[in-house]
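One file, work21.csv, carrying CSV, C-alpha atoms:
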chain,number,residue,atom,x,y,z
Q,182,MET,CA,71.4,91.6,93.2
Q,183,GLU,CA,71.8,88.5,95.5
Q,184,LEU,CA,73.1,86.5,92.5
Q,185,ILE,CA,75.6,89.2,91.6
Q,186,TRP,CA,77.0,89.3,95.0
Q,187,TYR,CA,77.1,85.5,95.3
Q,188,ALA,CA,79.1,85.5,92.1
Q,189,VAL,CA,81.5,88.2,93.5
Q,190,PHE,CA,81.9,86.2,96.7
Q,191,ALA,CA,82.6,83.0,94.8
Q,192,LEU,CA,85.1,84.6,92.5
Q,193,LEU,CA,87.0,86.2,95.4
Q,194,LEU,CA,87.2,82.9,97.4
Q,195,VAL,CA,88.2,80.8,94.5
Q,196,GLY,CA,90.7,83.5,93.4
Q,197,TYR,CA,92.2,83.6,96.8
Q,198,PHE,CA,92.8,79.8,96.8
Q,199,ALA,CA,94.2,79.9,93.3
Q,200,LEU,CA,96.6,82.8,94.0
Q,201,GLU,CA,97.5,82.7,97.7
Q,202,GLY,CA,97.7,78.9,97.3
Q,203,PHE,CA,101.1,79.0,95.7
Q,204,ASP,CA,102.5,81.4,98.3
Q,205,LEU,CA,101.5,79.0,101.1
Q,206,GLY,CA,102.7,76.1,99.0
Q,207,VAL,CA,106.2,77.7,98.7
Q,208,GLY,CA,106.2,78.2,102.4
Q,209,LEU,CA,105.4,74.6,102.9
Q,210,LEU,CA,108.2,73.5,100.7
Q,211,LEU,CA,110.9,75.7,102.3
Q,212,PRO,CA,112.4,72.9,104.4
Q,213,LEU,CA,112.1,70.4,101.5
Q,214,VAL,CA,113.2,72.2,98.4
Q,215,GLY,CA,115.4,74.9,100.2
Q,216,ARG,CA,118.5,72.8,100.8
Q,217,ASP,CA,120.5,75.7,102.1
Q,218,GLY,CA,120.1,79.4,103.1
Q,219,PRO,CA,120.7,80.8,99.5
Q,220,ALA,CA,118.1,78.4,98.1
Q,221,ARG,CA,115.5,79.4,100.6
Q,222,ASP,CA,116.3,83.1,99.9
Q,223,ARG,CA,115.5,82.5,96.2
Q,224,MET,CA,112.3,80.7,97.1
Q,225,VAL,CA,111.1,83.6,99.2
Q,226,ALA,CA,112.2,86.1,96.6
Q,227,ALA,CA,110.3,84.2,93.9
Q,228,MET,CA,107.0,84.6,95.7
Q,229,ALA,CA,107.7,88.0,97.5
Q,230,PRO,CA,106.3,90.3,94.8
Q,231,PHE,CA,103.0,88.4,94.9
Q,232,VAL,CA,102.3,88.0,98.6
Q,233,LEU,CA,100.7,91.4,99.5
Q,234,ALA,CA,98.6,91.5,96.3
Q,235,ASN,CA,97.3,88.0,96.9
Q,236,GLU,CA,96.4,88.7,100.5
Q,237,VAL,CA,94.1,91.5,99.3
Q,238,TRP,CA,91.8,88.8,98.1
Q,239,LEU,CA,91.5,87.4,101.6
Q,240,VAL,CA,90.6,90.8,103.0
Q,241,ALA,CA,88.0,91.2,100.2
Q,242,VAL,CA,86.6,87.7,101.0
Q,243,ALA,CA,86.2,88.6,104.7
Q,244,GLY,CA,84.6,92.0,103.9
Q,245,THR,CA,82.2,90.4,101.4
Q,246,LEU,CA,81.3,87.7,103.9
Q,247,PHE,CA,80.4,90.1,106.7
Q,248,GLY,CA,78.8,92.7,104.5
Q,249,VAL,CA,76.7,90.5,102.2
Q,250,TYR,CA,76.0,87.6,104.6
Q,251,PRO,CA,75.9,89.3,108.0
Q,252,THR,CA,73.8,86.5,109.6
Q,253,LEU,CA,76.7,84.1,109.0
Q,254,GLU,CA,79.2,86.2,110.9
Q,255,GLY,CA,78.2,84.6,114.2
Q,256,GLU,CA,78.3,81.1,112.8
Q,257,VAL,CA,81.7,81.6,111.4
Q,258,LEU,CA,83.3,83.5,114.3
Q,259,PHE,CA,81.7,81.6,117.1
Q,260,GLY,CA,81.0,78.2,115.6
Q,261,LEU,CA,84.7,78.0,114.5
Q,262,TYR,CA,86.2,80.2,117.1
Q,263,PRO,CA,89.3,78.0,117.9
Q,264,LEU,CA,90.0,77.5,114.2
Q,265,VAL,CA,89.6,81.2,113.3
Q,266,VAL,CA,92.0,82.2,116.1
Q,267,ALA,CA,94.5,79.5,115.0
Q,268,MET,CA,94.4,80.6,111.4
Q,269,LEU,CA,94.8,84.3,112.3
Q,270,LEU,CA,97.8,83.4,114.4
Q,271,ALA,CA,99.2,81.3,111.6
Q,272,TRP,CA,98.7,84.3,109.2
Q,273,VAL,CA,100.6,86.6,111.6
Q,274,VAL,CA,103.4,84.0,112.2
Q,275,ARG,CA,103.8,83.4,108.4
Q,276,ASP,CA,104.0,87.1,107.6
Q,277,ALA,CA,106.2,87.9,110.5
Q,278,GLY,CA,108.6,85.3,109.2
Q,279,LEU,CA,108.6,86.9,105.7
Q,280,TRP,CA,109.3,90.4,107.2
Q,281,PHE,CA,111.9,89.5,109.9
Q,282,ARG,CA,114.0,86.7,108.2
Q,283,ARG,CA,116.3,89.3,106.7
Q,284,ARG,CA,116.3,91.8,109.5
Q,285,ALA,CA,119.5,90.4,111.0
Q,286,ASP,CA,122.3,88.2,109.9
Q,287,GLY,CA,123.0,84.8,111.2
Q,288,ALA,CA,122.0,81.2,110.2
Q,289,ARG,CA,120.0,80.6,113.4
Q,290,TRP,CA,118.0,83.8,112.9
Q,291,ARG,CA,117.1,82.9,109.3
Q,292,SER,CA,116.4,79.3,110.2
Q,293,PHE,CA,114.0,80.3,113.0
Q,294,TRP,CA,112.0,82.6,110.8
Q,295,ASP,CA,112.0,80.2,107.9
Q,296,ALA,CA,110.5,77.6,110.3
Q,297,MET,CA,107.8,80.2,111.2
Q,298,ILE,CA,107.0,80.7,107.5
Q,299,THR,CA,106.5,76.9,107.1
Q,300,LEU,CA,104.6,76.6,110.3
Q,301,GLY,CA,102.3,79.5,109.5
Q,302,SER,CA,101.8,78.2,105.9
Q,303,LEU,CA,100.9,74.8,107.3
Q,304,GLY,CA,98.4,76.2,109.7
Q,305,LEU,CA,96.7,78.3,107.0
Q,306,ALA,CA,96.6,75.6,104.4
Q,307,PHE,CA,95.3,72.9,106.8
Q,308,GLY,CA,92.9,75.3,108.5
Q,309,TRP,CA,91.3,76.3,105.2
Q,310,GLY,CA,90.6,72.6,104.4
Q,311,VAL,CA,88.9,72.2,107.8
Q,312,ALA,CA,87.0,75.5,107.4
Q,313,LEU,CA,85.7,74.4,104.0
Q,314,TYR,CA,84.3,71.2,105.5
Q,315,ALA,CA,82.7,73.2,108.3
Q,316,ALA,CA,81.0,75.5,105.8
Q,317,ALA,CA,79.7,72.5,103.8
Q,318,THR,CA,78.3,70.8,106.8
Q,319,GLY,CA,76.7,73.7,108.7
Q,320,PHE,CA,79.6,74.5,111.1
Q,321,GLY,CA,79.1,71.4,113.2
Q,322,SER,CA,81.9,69.2,114.5
Q,323,ALA,CA,84.3,69.9,111.7
Q,324,LEU,CA,87.2,70.5,114.1
Q,325,SER,CA,87.3,66.9,115.1
Q,326,HIS,CA,85.6,65.1,112.2
Q,327,PRO,CA,87.9,62.7,110.2
Q,328,VAL,CA,86.6,64.0,106.9
Q,329,GLY,CA,87.3,67.6,107.9
Q,330,LEU,CA,90.8,66.7,108.9
Q,331,LEU,CA,91.3,64.7,105.7
Q,332,LEU,CA,90.2,67.7,103.6
Q,333,GLY,CA,92.7,69.8,105.5
Q,334,VAL,CA,95.4,67.4,104.4
Q,335,VAL,CA,94.1,67.4,100.8
Q,336,VAL,CA,94.2,71.2,100.6
Q,337,THR,CA,97.7,71.3,102.1
Q,338,LEU,CA,98.9,68.9,99.5
Q,339,LEU,CA,97.2,70.8,96.7
Q,340,PHE,CA,98.8,74.0,97.9
Q,341,ALA,CA,102.2,72.3,98.1
Q,342,TRP,CA,101.9,71.1,94.5
Q,343,HIS,CA,100.8,74.6,93.4
Q,344,GLY,CA,103.8,76.1,95.1
Q,345,TRP,CA,106.1,73.5,93.5
Q,346,THR,CA,104.6,74.3,90.1
Q,347,PHE,CA,105.0,78.0,90.7
Q,348,LEU,CA,108.7,77.6,91.6
Q,349,GLY,CA,109.2,75.6,88.4
Q,350,TRP,CA,107.6,78.5,86.5
Q,351,ARG,CA,109.2,81.5,88.3
Q,352,ALA,CA,112.5,80.0,89.6
Q,353,PRO,CA,113.2,76.8,87.8
Q,354,GLU,CA,116.9,76.8,88.9
Q,355,THR,CA,115.7,76.6,92.5
Q,356,ALA,CA,113.0,74.0,92.1
Q,357,GLY,CA,115.1,71.8,89.7
Q,358,ILE,CA,112.2,71.7,87.2
Q,359,THR,CA,110.7,73.9,84.5
Q,360,ARG,CA,106.9,74.5,84.3
Q,361,SER,CA,104.9,76.5,81.9
Q,362,GLY,CA,102.2,79.0,82.5
Q,363,ARG,CA,99.6,76.4,81.5
Q,364,ALA,CA,101.0,74.1,84.2
Q,365,LEU,CA,100.7,76.9,86.8
Q,366,ALA,CA,97.1,77.6,85.7
Q,367,LEU,CA,96.3,73.9,86.0
Q,368,SER,CA,97.8,73.6,89.5
Q,369,GLY,CA,96.0,76.8,90.5
Q,370,THR,CA,92.7,75.4,89.3
Q,371,ALA,CA,93.3,72.2,91.3
Q,372,ALA,CA,94.1,74.3,94.4
Q,373,ALA,CA,90.9,76.2,94.0
Q,374,LEU,CA,88.6,73.2,93.4
Q,375,PRO,CA,87.7,72.5,97.0
Q,376,ALA,CA,86.7,76.1,97.5
Q,377,ALA,CA,84.7,76.1,94.2
Q,378,ALA,CA,82.9,72.9,95.2
Q,379,VAL,CA,81.9,74.2,98.6
Q,380,VAL,CA,80.8,77.6,97.5
Q,381,GLY,CA,78.9,76.1,94.5
Q,382,GLY,CA,77.0,73.7,96.8
Q,383,ALA,CA,76.2,76.5,99.2
Q,384,LEU,CA,74.4,78.6,96.6
Q,385,PRO,CA,70.8,78.1,98.1
Q,386,TYR,CA,72.1,78.6,101.6
Q,387,LEU,CA,74.0,81.8,100.8
Q,388,LEU,CA,71.1,83.3,98.8
Q,389,GLU,CA,68.8,82.6,101.7
Q,390,HIS,CA,71.2,84.4,104.1
Q,391,SER,CA,72.0,87.4,101.9
Q,392,ALA,CA,71.6,90.9,103.3
Q,393,PRO,CA,68.4,92.9,102.2
Q,394,SER,CA,68.4,94.2,98.7
Q,395,PRO,CA,68.8,97.9,99.7
Q,396,THR,CA,71.9,97.0,101.7
Q,397,LEU,CA,73.3,95.1,98.7
Q,398,SER,CA,72.6,98.1,96.4
Q,399,VAL,CA,74.5,100.4,98.7
Q,400,LEU,CA,77.4,98.0,98.9
Q,401,SER,CA,77.4,97.8,95.1
Q,402,VAL,CA,77.8,101.6,94.8
Q,403,MET,CA,80.5,101.7,97.5
Q,404,VAL,CA,82.6,98.6,96.6
Q,405,LEU,CA,82.1,97.4,93.0
Q,406,PRO,CA,83.7,100.5,91.4
Q,407,PHE,CA,87.0,99.5,93.1
Q,408,ALA,CA,87.0,96.0,91.7
Q,409,PRO,CA,88.7,97.0,88.5
Q,410,VAL,CA,91.5,98.5,90.5
Q,411,MET,CA,92.2,95.2,92.2
Q,412,VAL,CA,92.2,93.4,88.9
Q,413,ILE,CA,94.5,95.9,87.2
Q,414,ALA,CA,96.9,95.7,90.2
Q,415,GLN,CA,97.0,91.9,89.8
Q,416,VAL,CA,97.6,92.1,86.1
Q,417,TRP,CA,100.4,94.6,86.7
Q,418,VAL,CA,102.1,92.4,89.3
Q,419,TRP,CA,102.0,89.3,87.0
Q,420,ARG,CA,103.2,91.2,84.0
Q,421,THR,CA,106.0,92.9,85.9
Q,422,PHE,CA,107.4,89.8,87.7
Q,423,ARG,CA,106.7,87.1,85.1
Q,424,PRO,CA,109.7,84.9,84.1
Q,425,GLY,CA,112.0,86.5,81.6
Q,426,LYS,CA,111.9,89.9,83.3
Q,427,GLY,CA,115.3,89.4,84.9
Q,428,PRO,CA,116.8,87.1,87.6
Q,429,VAL,CA,114.9,86.5,90.8
Q,430,ARG,CA,116.3,88.7,93.6
Q,431,THR,CA,115.2,89.0,97.2
Q,432,LEU,CA,113.2,92.2,97.8
Q,433,SER,CA,114.5,94.5,100.5
Q,434,PHE,CA,111.4,94.1,102.6
Q,435,PHE,CA,111.4,90.2,102.4

For the file at hand, write its structure as structure tokens.
Amino acid sequence: MELIWYAVFALLLVGYFALEGFDLGVGLLLPLVGRDGPARDRMVAAMAPFVLANEVWLVAVAGTLFGVYPTLEGEVLFGLYPLVVAMLLAWVVRDAGLWFRRRADGARWRSFWDAMITLGSLGLAFGWGVALYAAATGFGSALSHPVGLLLGVVVTLLFAWHGWTFLGWRAPETAGITRSGRALALSGTAAALPAAAVVGGALPYLLEHSAPSPTLSVLSVMVLPFAPVMVIAQVWVWRTFRPGKGPVRTLSFF
């Protein structure tokens, strides 16, 4: 049972990096690729149908972490308290930018919230790199260690590349390039590599800190039956909003 839940946790974390990575990457590229207001509108519209579905993976990762590895909760929340708070604030700022950028007219209003999307995306991308280094080194001095900071930069660049590839696949007229589904899968794999490496190396540590088998059995009965629903929802989103299903338009809520 411990191995099954380890596999579930690893899949959720890697899946989050591969999927949410392009959302954050598009946010990072807003001031670089979005040369004007309409271009930025198209960039946000390209990723808008995927945002909420991708964030479900993060909720699932957090739920699995605290349910399956309860003894790690204190290490994560208290050992990385400043980083966790900063990433939560970045998440709120990024999503607030997505929701509020079209709630009023005016170039200054849009520019402000576009900047919040970029700032929040940067905070999340960089924070994830630092958090991965912390997880790989026992939640020590990752917040100030040069290698942790470097990994934050690497993850940020990987997400930006993934976002650029996504735009070339979903909205090539905006990105100025055309990318295939295979190229998007490749960039998604690259974006998920740091998470896969860390969770793979942490196998013995995670198995040692798993919840008791009766607890895992109860979680299996309560949670695993809903896993196919999440997978089906993801498949529906990608089939519905894949290229060739009509022009990219800004959704009313984004």

Self-check item: Computed interatomic separation between CA of Ala267 in chain Q and CA of Gly301 in chain Q (Å)
Solution: 9.5 Å

Exercise. Considering only C-alpha atoms, return as a list in words whatever protein or nucleic-acid residues lie within 6 Å of range 335-345 of chain Q, sequence-local ones (same chain, fewer than 5 positions apart) excluded.
Key: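 The contact residues come out as Gly202, Phe203, Gly206, Val207, Ala306, Phe307, Gly310, Ser368 and Ala372 of chain Q.
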
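Taking CA of Thr299 in chain Q as the reference point, CA of His326 in chain Q is found at 24.5 Å.
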
Quiz item: Contacts of Leu270 in chain Q at 12 Å or less, counting all atoms listed in the file, minus same-chain residues fewer than 6 places along, as a PyMOL selection string?
Solution: chain Q and resi 263-264+276-277+297-298+300-305+308

Quiz item: Rounded to one decimal in Å, what is the spacing between CA of Pro385 in chain Q and CA of Leu253 in chain Q?
Solution: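 Separating CA of Pro385 in chain Q from CA of Leu253 in chain Q is a distance of 13.8 Å.
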
Quiz prompt | Non-local contacts of range 386-397 of chain Q (7 Å; all atoms listed in the file; under 3 positions in same chain excluded) as a PyMOL selection string | solution = chain Q and resi 182-183+249-252+383+400-401

Practice problem: Considering all atoms listed in the file, state which residue in the set Q:Phe231, Q:Trp309, Q:Phe347, Q:Trp280 is at the smallest distance from Val334 in chain Q. | Solution: Q:Trp309

Self-check item: Polymer residues at most 9 Å from Gly218 in chain Q, all atoms listed in the file, same-chain spacing of 6 or more positions, as a list in words
Solution: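 In the requested format, the answer is Ala288, Arg291 and Ser292 of chain Q.
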
Self-check item: Selection as a ChimeraX atom specification: residues within 9 Å of (110.7, 77.1, 92.1), counting all atoms listed in the file
Solution: /Q:207,214,223-224,227,344-359

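Proximity to Met403 in chain Q was assessed for Q:Val380, Q:Ala285, Q:Gly248, Q:Leu210 counting all atoms listed in the file; the smallest distance is recorded for Q:Gly248.
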
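With all atoms listed in the file as the basis for measurement, Q:Ala234 is the residue among Q:Ala234, Q:Leu209, Q:Val266, Q:Ala373 that approaches Trp417 in chain Q most closely.
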
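Closest approach to Leu330 in chain Q among Q:Val379, Q:Val311, Q:Val242, Q:Leu184 is made by Q:Val311 (distances from only C-alpha atoms).
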